[in-house]
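K.L.:
You'll find run25.cif just under this line, and it carries mmCIF, C-alpha atoms.
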data_coords
loop_
_atom_site.group_PDB
_atom_site.id
_atom_site.type_symbol
_atom_site.label_atom_id
_atom_site.label_comp_id
_atom_site.auth_asym_id
_atom_site.auth_seq_id
_atom_site.Cartn_x
_atom_site.Cartn_y
_atom_site.Cartn_z
ATOM 1 C CA MET A 97 112.775 74.490 142.605
ATOM 2 C CA PRO A 98 111.466 70.898 142.725
ATOM 3 C CA THR A 99 108.722 69.856 140.328
ATOM 4 C CA GLU A 100 107.644 66.760 142.292
ATOM 5 C CA LEU A 101 106.413 66.095 145.805
ATOM 6 C CA SER A 102 107.987 62.882 146.991
ATOM 7 C CA LEU A 103 107.351 60.267 149.685
ATOM 8 C CA PRO A 104 109.272 57.011 150.210
ATOM 9 C CA GLN A 105 107.076 54.914 147.868
ATOM 10 C CA PHE A 106 105.380 57.484 145.612
ATOM 11 C CA SER A 107 105.851 60.884 144.003
ATOM 12 C CA ALA A 108 103.394 63.299 142.393
ATOM 13 C CA ALA A 109 103.399 66.429 140.230
ATOM 14 C CA ILE A 110 101.058 68.915 138.564
ATOM 15 C CA CYS A 111 101.685 69.486 134.868
ATOM 16 C CA ILE A 112 100.410 72.755 133.364
ATOM 17 C CA GLU A 113 100.026 72.629 129.588
ATOM 18 C CA GLY A 114 102.290 69.563 129.609
ATOM 19 C CA LEU A 115 105.100 71.078 131.714
ATOM 20 C CA PRO A 116 105.689 70.193 135.405
ATOM 21 C CA ALA A 117 104.948 73.133 137.696
ATOM 22 C CA GLU A 118 107.525 74.369 140.182
ATOM 23 C CA ILE A 119 106.608 73.559 143.774
ATOM 24 C CA TRP A 120 107.143 76.143 146.492
ATOM 25 C CA ALA A 121 107.446 75.792 150.275
ATOM 26 C CA PRO A 122 106.970 72.000 150.502
ATOM 27 C CA VAL A 123 106.147 70.620 153.960
ATOM 28 C CA TYR A 124 106.497 66.938 154.867
ATOM 29 C CA TYR A 125 104.607 64.972 157.517
ATOM 30 C CA PRO A 126 106.423 61.615 157.630
ATOM 31 C CA ALA A 127 104.258 60.168 160.398
ATOM 32 C CA ASN A 128 101.161 60.542 158.198
ATOM 33 C CA GLU A 129 102.844 59.835 154.847
ATOM 34 C CA ARG A 130 101.674 63.272 153.727
ATOM 35 C CA VAL A 131 103.393 66.115 151.850
ATOM 36 C CA GLU A 132 102.073 69.546 150.881
ATOM 37 C CA GLY A 133 103.259 72.347 148.615
ATOM 38 C CA TRP A 134 102.219 75.411 146.587
ATOM 39 C CA ILE A 135 102.091 75.932 142.807
ATOM 40 C CA ALA A 136 101.440 79.058 140.729
ATOM 41 C CA SER A 137 98.266 78.691 138.670
ATOM 42 C CA GLU A 138 97.565 80.513 135.406
ATOM 43 C CA ALA A 139 93.975 81.303 134.447
ATOM 44 C CA GLY A 140 92.768 79.523 131.316
ATOM 45 C CA LYS A 141 95.574 76.948 131.256
ATOM 46 C CA GLN A 142 94.837 73.228 131.414
ATOM 47 C CA TYR A 143 96.540 70.989 133.943
ATOM 48 C CA SER A 144 96.803 67.338 134.917
ATOM 49 C CA VAL A 145 97.542 65.444 138.129
ATOM 50 C CA CYS A 146 100.433 62.990 137.717
ATOM 51 C CA TRP A 147 101.836 60.342 140.051
ATOM 52 C CA ARG A 148 104.052 57.264 140.019
ATOM 53 C CA ARG A 149 105.143 54.398 142.201
ATOM 54 C CA LYS A 150 108.859 54.519 143.023
ATOM 55 C CA GLY A 151 109.254 50.888 144.078
ATOM 56 C CA ASP A 152 107.455 47.588 144.607
ATOM 57 C CA THR A 153 104.678 48.121 147.155
ATOM 58 C CA GLY A 154 103.774 44.425 147.273
ATOM 59 C CA CYS A 155 100.171 45.008 146.128
ATOM 60 C CA ASP A 156 97.923 46.848 143.722
ATOM 61 C CA VAL A 157 97.359 50.515 144.509
ATOM 62 C CA GLY A 158 94.709 53.034 143.565
ATOM 63 C CA GLY A 159 94.992 56.787 143.267
ATOM 64 C CA VAL A 160 92.101 59.211 143.795
ATOM 65 C CA ALA A 161 92.171 62.910 142.852
ATOM 66 C CA ILE A 162 90.136 65.391 144.893
ATOM 67 C CA ILE A 163 89.790 68.796 143.219
ATOM 68 C CA ASP A 164 88.673 71.821 145.262
ATOM 69 C CA GLY A 165 87.281 69.423 147.876
ATOM 70 C CA HIS A 166 85.330 67.196 145.443
ATOM 71 C CA GLN A 167 86.275 63.741 144.197
ATOM 72 C CA ILE A 168 85.914 63.844 140.432
ATOM 73 C CA GLY A 169 84.547 60.948 138.412
ATOM 74 C CA GLY A 170 87.165 59.258 136.267
ATOM 75 C CA THR A 171 90.115 60.261 138.445
ATOM 76 C CA SER A 172 90.512 56.936 140.243
ATOM 77 C CA ARG A 173 93.054 54.594 138.744
ATOM 78 C CA ILE A 174 94.191 51.119 139.742
ATOM 79 C CA VAL A 175 97.865 50.391 139.189
ATOM 80 C CA PRO A 176 98.876 46.716 139.257
ATOM 81 C CA ARG A 177 101.744 45.573 141.407
ATOM 82 C CA GLY A 178 105.054 46.190 139.656
ATOM 83 C CA ALA A 179 103.835 48.928 137.297
ATOM 84 C CA MET A 180 106.280 51.837 137.649
ATOM 85 C CA GLY A 181 105.275 54.402 135.003
ATOM 86 C CA TRP A 182 103.551 57.736 135.407
ATOM 87 C CA ASN A 183 99.770 57.892 135.808
ATOM 88 C CA GLU A 184 97.926 61.003 134.650
ATOM 89 C CA TYR A 185 94.507 62.434 135.493
ATOM 90 C CA SER A 186 93.886 65.150 132.934
ATOM 91 C CA GLY A 187 90.136 65.676 133.292
ATOM 92 C CA LYS A 188 86.723 64.402 134.317
ATOM 93 C CA GLN A 189 85.817 61.209 132.442
ATOM 94 C CA THR A 190 82.543 61.644 130.499
ATOM 95 C CA SER A 191 82.608 58.253 128.745
ATOM 96 C CA ALA A 192 84.978 55.387 128.096
ATOM 97 C CA VAL A 193 86.733 57.463 125.401
ATOM 98 C CA THR A 194 86.034 61.133 126.255
ATOM 99 C CA GLU A 195 86.807 63.611 129.008
ATOM 100 C CA ARG A 196 86.537 67.299 129.934
ATOM 101 C CA PRO A 197 90.001 68.643 130.829
ATOM 102 C CA PHE A 198 90.838 70.399 134.078
ATOM 103 C CA LYS A 199 91.750 74.057 133.735
ATOM 104 C CA PHE A 200 92.414 76.951 136.095
ATOM 105 C CA GLY A 201 89.698 79.598 136.123
ATOM 106 C CA GLU A 202 89.931 83.126 137.502
ATOM 107 C CA VAL A 203 87.246 83.974 140.046
ATOM 108 C CA GLN A 204 85.381 87.275 139.644
ATOM 109 C CA THR A 205 83.087 88.924 142.181
ATOM 110 C CA THR A 206 79.688 90.639 142.003
ATOM 111 C CA ASP A 207 77.336 92.356 144.461
ATOM 112 C CA ASP A 208 74.272 90.540 143.084
ATOM 113 C CA GLU A 209 72.462 89.311 146.221
ATOM 114 C CA ARG A 210 70.662 86.587 144.235
ATOM 115 C CA LEU A 211 74.006 84.907 143.630
ATOM 116 C CA LEU A 212 74.742 84.902 147.361
ATOM 117 C CA ILE A 213 71.547 82.919 148.043
ATOM 118 C CA HIS A 214 71.940 80.269 145.352
ATOM 119 C CA GLN A 215 75.715 80.037 145.119
ATOM 120 C CA GLN A 216 77.426 76.812 146.160
ATOM 121 C CA LEU A 217 81.170 77.174 146.508
ATOM 122 C CA PRO A 218 83.470 74.154 146.560
ATOM 123 C CA PRO A 219 84.478 73.185 150.113
ATOM 124 C CA ARG A 220 88.234 73.563 149.564
ATOM 125 C CA PRO A 221 88.860 75.936 146.635
ATOM 126 C CA GLY A 222 92.388 76.213 145.329
ATOM 127 C CA GLU A 223 93.424 72.739 146.457
ATOM 128 C CA ILE A 224 94.334 69.549 144.577
ATOM 129 C CA VAL A 225 94.673 66.415 146.695
ATOM 130 C CA LEU A 226 95.933 63.038 145.525
ATOM 131 C CA GLU A 227 95.283 60.073 147.842
ATOM 132 C CA ILE A 228 96.829 56.658 147.181
ATOM 133 C CA TYR A 229 95.383 53.461 148.701
ATOM 134 C CA ARG A 230 96.428 49.818 148.965
ATOM 135 C CA VAL A 231 93.645 47.826 147.290
ATOM 136 C CA ALA A 232 92.528 44.440 145.999
ATOM 137 C CA ILE A 233 90.522 43.983 142.773
ATOM 138 C CA VAL A 234 87.254 42.046 143.272
ATOM 139 C CA SER A 235 85.534 42.374 139.867
ATOM 140 C CA GLN A 236 86.322 42.263 136.176
ATOM 141 C CA ALA A 237 86.485 45.368 134.010
ATOM 142 C CA HIS A 238 83.209 46.993 133.010
ATOM 143 C CA ARG A 239 82.107 50.145 131.240
ATOM 144 C CA VAL A 240 82.717 53.563 132.756
ATOM 145 C CA THR A 241 79.592 55.218 134.150
ATOM 146 C CA PRO A 242 79.897 59.032 133.912
ATOM 147 C CA SER A 243 79.107 60.951 137.107
ATOM 148 C CA SER A 244 77.980 64.516 137.637
ATOM 149 C CA SER A 245 80.580 67.164 138.411
ATOM 150 C CA SER A 246 80.605 69.383 141.492
ATOM 151 C CA LEU A 247 83.278 71.705 140.135
ATOM 152 C CA LEU A 248 82.527 75.412 139.909
ATOM 153 C CA LYS A 249 80.184 75.941 136.951
ATOM 154 C CA SER A 250 80.599 79.733 136.917
ATOM 155 C CA ASN A 251 83.600 81.932 137.649
ATOM 156 C CA ILE A 252 81.414 84.699 139.147
ATOM 157 C CA ILE A 253 80.829 84.617 142.914
ATOM 158 C CA HIS A 254 79.453 87.082 145.463
ATOM 159 C CA GLU A 255 81.975 89.583 146.820
ATOM 160 C CA ARG A 256 81.234 88.474 150.424
ATOM 161 C CA SER A 257 82.788 85.101 149.603
ATOM 162 C CA LYS A 258 86.233 86.744 149.897
ATOM 163 C CA LYS A 259 87.633 84.672 147.036
ATOM 164 C CA GLY A 260 88.178 87.410 144.460
ATOM 165 C CA GLY A 261 91.493 87.150 142.598
ATOM 166 C CA PHE A 262 91.865 83.466 143.463
ATOM 167 C CA HIS A 263 91.608 80.579 141.035
ATOM 168 C CA MET A 264 89.337 77.545 141.054
ATOM 169 C CA THR A 265 89.198 74.545 138.732
ATOM 170 C CA SER A 266 86.680 74.392 135.907
ATOM 171 C CA LEU A 267 86.188 71.956 133.042
ATOM 172 C CA GLY A 268 87.080 72.573 129.412
ATOM 173 C CA SER A 269 85.265 71.365 126.315
ATOM 174 C CA GLU A 270 84.848 67.638 125.863
ATOM 175 C CA ARG A 271 87.652 65.880 123.983
ATOM 176 C CA ARG A 272 88.785 62.369 123.175
ATOM 177 C CA ALA A 273 90.763 60.545 125.847
ATOM 178 C CA ARG A 274 92.548 57.241 126.180
ATOM 179 C CA PRO A 275 90.063 54.357 126.372
ATOM 180 C CA CYS A 276 89.458 53.143 129.914
ATOM 181 C CA SER A 277 87.324 50.706 131.862
ATOM 182 C CA SER A 278 86.268 50.421 135.491
ATOM 183 C CA VAL A 279 86.866 47.747 138.124
ATOM 184 C CA LEU A 280 85.573 47.286 141.668
ATOM 185 C CA VAL A 281 88.176 47.301 144.428
ATOM 186 C CA VAL A 282 88.201 46.960 148.212
ATOM 187 C CA PRO A 283 90.812 47.946 150.793
ATOM 188 C CA LEU A 284 93.576 45.362 150.947
ATOM 189 C CA THR A 285 93.171 45.102 154.748
ATOM 190 C CA PRO A 286 90.864 46.797 157.265
ATOM 191 C CA LEU A 287 93.690 49.231 158.010
ATOM 192 C CA ASP A 288 93.812 50.372 154.377
ATOM 193 C CA VAL A 289 90.641 52.461 154.564
ATOM 194 C CA VAL A 290 93.023 55.399 155.015
ATOM 195 C CA PRO A 291 95.485 56.399 152.277
ATOM 196 C CA CYS A 292 99.032 55.120 152.402
ATOM 197 C CA ALA A 293 100.233 58.390 150.790
ATOM 198 C CA THR A 294 98.688 61.859 150.456
ATOM 199 C CA PHE A 295 99.863 64.729 148.249
ATOM 200 C CA VAL A 296 98.376 68.214 148.612
ATOM 201 C CA PHE A 297 98.953 70.913 145.994
ATOM 202 C CA ARG A 298 97.546 74.344 146.865
ATOM 203 C CA TYR A 299 97.312 76.667 143.885
ATOM 204 C CA ARG A 300 97.106 80.453 143.703
ATOM 205 C CA PRO A 301 98.067 83.110 141.110
ATOM 206 C CA ALA A 302 101.786 83.889 141.216
ATOM 207 C CA GLY A 303 101.100 87.448 142.437
ATOM 208 C CA ILE A 304 99.308 86.165 145.530
ATOM 209 C CA LEU A 305 102.103 83.691 146.289
ATOM 210 C CA ARG A 306 104.692 86.482 146.006
ATOM 211 C CA ALA A 307 102.656 88.778 148.247
ATOM 212 C CA ALA A 308 102.475 86.002 150.853
ATOM 213 C CA GLY A 309 106.233 85.420 150.687
ATOM 214 C CA ILE A 310 105.850 81.902 149.289
ATOM 215 C CA MET A 311 107.470 82.843 145.960
ATOM 216 C CA PRO A 312 110.347 85.367 145.723
ATOM 217 C CA PRO A 313 109.605 88.845 144.354
ATOM 218 C CA LEU A 314 110.252 89.399 140.653
ATOM 219 C CA ALA A 315 112.878 92.061 141.448
ATOM 220 C CA GLU A 316 115.120 89.523 143.174
ATOM 221 C CA ALA A 317 116.947 88.015 140.224
ATOM 222 C CA PRO A 318 119.411 85.172 140.946
ATOM 223 C CA LEU A 319 123.004 86.322 141.510
ATOM 224 C CA TYR A 320 124.330 84.495 138.470
ATOM 225 C CA LEU A 321 121.682 86.206 136.306
ATOM 226 C CA ALA A 322 122.514 89.649 137.698
ATOM 227 C CA SER A 323 126.205 89.010 137.030
ATOM 228 C CA ARG A 324 125.423 87.947 133.468
ATOM 229 C CA ILE A 325 123.365 91.124 132.917
ATOM 230 C CA GLU A 326 126.273 93.263 134.179
ATOM 231 C CA GLU A 327 128.659 91.464 131.825
ATOM 232 C CA ASP A 328 126.314 92.001 128.875
ATOM 233 C CA ASP A 329 125.990 95.714 129.756
ATOM 234 C CA GLN A 330 129.786 96.106 129.916
ATOM 235 C CA ASP A 331 130.143 94.392 126.531
ATOM 236 C CA ASP A 332 127.658 96.874 125.037
ATOM 237 C CA ILE A 333 129.572 99.819 126.535
ATOM 238 C CA ASP A 334 132.911 98.539 125.234
ATOM 239 C CA GLN A 335 131.480 98.066 121.752
ATOM 240 C CA ALA A 336 129.959 101.555 121.726
ATOM 241 C CA GLU A 337 133.261 103.128 122.838
ATOM 242 C CA ALA A 338 135.125 101.283 120.074
ATOM 243 C CA GLU A 339 132.634 102.479 117.454
ATOM 244 C CA ILE A 340 132.922 106.101 118.698
ATOM 245 C CA ALA A 341 136.723 105.943 118.583
ATOM 246 C CA ALA A 342 136.599 104.609 115.006
ATOM 247 C CA LEU A 343 134.281 107.449 113.929
ATOM 248 C CA GLN A 344 136.544 110.048 115.556
ATOM 249 C CA ASN A 345 139.584 108.667 113.710
ATOM 250 C CA THR A 346 137.680 108.749 110.423
ATOM 251 C CA LEU A 347 136.649 112.378 111.048
ATOM 252 C CA LYS A 348 140.213 113.378 111.906
ATOM 253 C CA ALA A 349 141.555 111.795 108.719
ATOM 254 C CA ARG A 350 138.868 113.563 106.674
ATOM 255 C CA ILE A 351 139.772 116.963 108.214
ATOM 256 C CA ILE A 352 143.484 116.474 107.385
ATOM 257 C CA GLU A 353 142.561 115.539 103.831
ATOM 258 C CA LEU A 354 140.403 118.694 103.426
ATOM 259 C CA ALA A 355 143.172 120.894 104.861
ATOM 260 C CA LYS A 356 145.691 119.547 102.357
ATOM 261 C CA ARG A 357 143.270 119.998 99.458
ATOM 262 C CA LYS A 358 142.451 123.611 100.412
ATOM 263 C CA ARG A 359 146.068 124.310 101.464
ATOM 264 C CA VAL A 360 145.010 125.638 104.855
ATOM 265 C CA ASN A 361 145.771 124.715 108.413
ATOM 266 C CA VAL A 362 143.912 121.830 110.088
ATOM 267 C CA GLU A 363 142.752 124.263 112.790
ATOM 268 C CA ASP A 364 141.027 126.404 110.155
ATOM 269 C CA VAL A 365 139.033 123.411 108.837
ATOM 270 C CA GLU A 366 138.001 122.408 112.364
ATOM 271 C CA ALA A 367 136.882 125.984 113.103
ATOM 272 C CA ASP A 368 134.870 126.059 109.872
ATOM 273 C CA ILE A 369 133.125 122.755 110.782
ATOM 274 C CA SER A 370 132.351 124.046 114.289
ATOM 275 C CA ALA A 371 130.806 127.204 112.886
ATOM 276 C CA LYS A 372 128.597 125.213 110.534
ATOM 277 C CA LYS A 373 127.457 123.025 113.473
ATOM 278 C CA ARG A 374 126.421 126.125 115.417
ATOM 279 C CA ARG A 375 124.405 127.492 112.467
ATOM 280 C CA VAL A 376 122.608 124.169 112.052
ATOM 281 C CA HIS A 377 121.853 124.030 115.777
ATOM 282 C CA VAL A 378 120.386 127.564 115.759
#
With the file now loaded, output its structure as structure tokens.

P.N.:
Amino acid sequence: MPTELSLPQFSAAICIEGLPAEIWAPVYYPANERVEGWIASEAGKQYSVCWRRKGDTGCDVGGVAIIDGHQIGGTSRIVPRGAMGWNEYSGKQTSAVTERPFKFGEVQTTDDERLLIHQQLPPRPGEIVLEIYRVAIVSQAHRVTPSSSSLLKSNIIHERSKKGGFHMTSLGSERRARPCSSVLVVPLTPLDVVPCATFVFRYRPAGILRAAGIMPPLAEAPLYLASRIEEDDQDDIDQAEAEIAALQNTLKARIIELAKRKRVNVEDVEADISAKKRRVHV
């Protein structure tokens, strides 16, 4: 499975605990420079939104992350023309040197009617969108001004919301982040008020994706894996048969030795052993 969504000039990925997530059922819309896909989320695990420029775009570009339908402060980044490395949004910026990391949270339901009245759900839960724009810088760097967060502050929602079992993004405890500053930008041209590339990652628990047919069932192991399991099973059987044969040969040699010592027939020793086995069994 791919771990990146890719367009002609850019690619993007979601990294969960530092590892790129597999992307299922990607769909491309070339006319709109848009690509969508599904990832399996795991409750309690932190994630980051990553993207890179694949070639010279001829201008500066800016990326904006929209989590569960809300643009999050500190997730806009300006990338100068020619810069080709990966850019990472790992959390909501709380100062020039601190952030609160993104993490998947499991949603629980309640029948408390008070929660239904005061609850404000995110507009697009279970969705991570990255929009990339062509921009021009019009001011020098200045200090980051923290903004309030609209992410879900509680993982308990009313049962009528029909979101039970799904995941939404929450924020972890504040931690140190790479120092950053802020600049003011404007669209490069009047046409650049719309993104030049859009990546959409929809996230759900793996069980929901399997039930929807987006991920394969667990029972369907790859053919090469099934073949390897059969080979391993046959090796175990062969080894067990060899060990049994060795034990039988040792027993036969021991019986012959006892018969010679007692000066009796081998059959008599075998009959004596069989009789003792029956007594022990009873």

K.L.:
Running the PyMOL selection byres ((chain A and resi 151-163) around 10) on this model by hand, what would come out? Give it as a PyMOL selection string.

P.N.:
chain A and resi 104-106+145-150+164-180+183+185+198+218-233+246-247+264-266+281+283-284+291-297

K.L.:
My list of candidates is A:Ala341, A:Thr194, A:Arg298, A:Leu267. Which is closest to A:Val131 when distances are computed with only C-alpha atoms?

P.N.:
A:Arg298

K.L.:
Can you measure atom CA of A:Glu118 to atom CA of A:Ile310 for me? One decimal in Å is fine.

P.N.:
11.9 Å

K.L.:
Measure the distance from atom CA of A:Ala302 to atom CA of A:Ala121 in Å and round it to one decimal.

P.N.:
13.4 Å

K.L.:
For this structure, which residues satisfy the selection - the PyMOL selection byres ((chain A and resi 113-117) around 9) - when it is evaluated on the file as given? I want them as an MDAnalysis selection string.

P.N.:
chainID A and resid 98:100 109:112 118:119 135:137 141:144

K.L.:
Would you export the selected residues with C-alpha atoms as a compact mmCIF listing (two decimals), in the frame of the given file, please?

P.N.:
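Now in out-v6.txt:
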# COMPACT_ATOMS: atom_id res chain seq x y z
CA PRO A 98 111.47 70.90 142.72
CA THR A 99 108.72 69.86 140.33
CA GLU A 100 107.64 66.76 142.29
CA ALA A 109 103.40 66.43 140.23
CA ILE A 110 101.06 68.92 138.56
CA CYS A 111 101.68 69.49 134.87
CA ILE A 112 100.41 72.76 133.36
CA GLU A 118 107.52 74.37 140.18
CA ILE A 119 106.61 73.56 143.77
CA ILE A 135 102.09 75.93 142.81
CA ALA A 136 101.44 79.06 140.73
CA SER A 137 98.27 78.69 138.67
CA LYS A 141 95.57 76.95 131.26
CA GLN A 142 94.84 73.23 131.41
CA TYR A 143 96.54 70.99 133.94
CA SER A 144 96.80 67.34 134.92

K.L.:
Once 3 Å is added on each side, what are the centre and the three edge lengths, in Å to one decimal, of the axis-aligned box enclosing the listed atoms of stretch 119-124 of chain A? Present them as AutoDock Vina command-line options.

P.N.:
--center_x 106.8 --center_y 71.5 --center_z 149.3 --size_x 7.3 --size_y 15.2 --size_z 17.1

K.L.:
Do you know which residues are at most 9 Å from A:Val234 counting only C-alpha atoms, after dropping those on the same chain fewer than 3 positions away, and could you put them as a list in words?

P.N.:
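Here the qualifying residues turn out to be Val279, Leu280, Val281 and Val282 of chain A.
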
K.L.:
Choose the residue, out of A:Pro122, A:Pro313, A:Gly181, A:Gly201, that has the smallest atom-to-atom separation from A:Glu138; count all atoms listed in the file.

P.N.:
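For A:Glu138, the nearest of the given residues is A:Gly201.
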
K.L.:
Atom CA of A:Trp134 and atom CA of A:Leu305, how far apart in Å?

P.N.:
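Atom CA of A:Leu305 sits 8.3 Å away from atom CA of A:Trp134.
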
K.L.:
Which residue is closest to A:Trp182? Choose from A:Tyr299, A:Ser107, A:Lys348, A:Asn128 and count all atoms listed in the file.

P.N.:
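That would be A:Ser107, the residue with the smallest distance to A:Trp182.
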
K.L.:
Between A:Thr346, A:Ser278, A:Asn361, A:Ser102, which residue has the minimum interatomic distance to A:Ser191, considering all atoms listed in the file?

P.N.:
A:Ser278
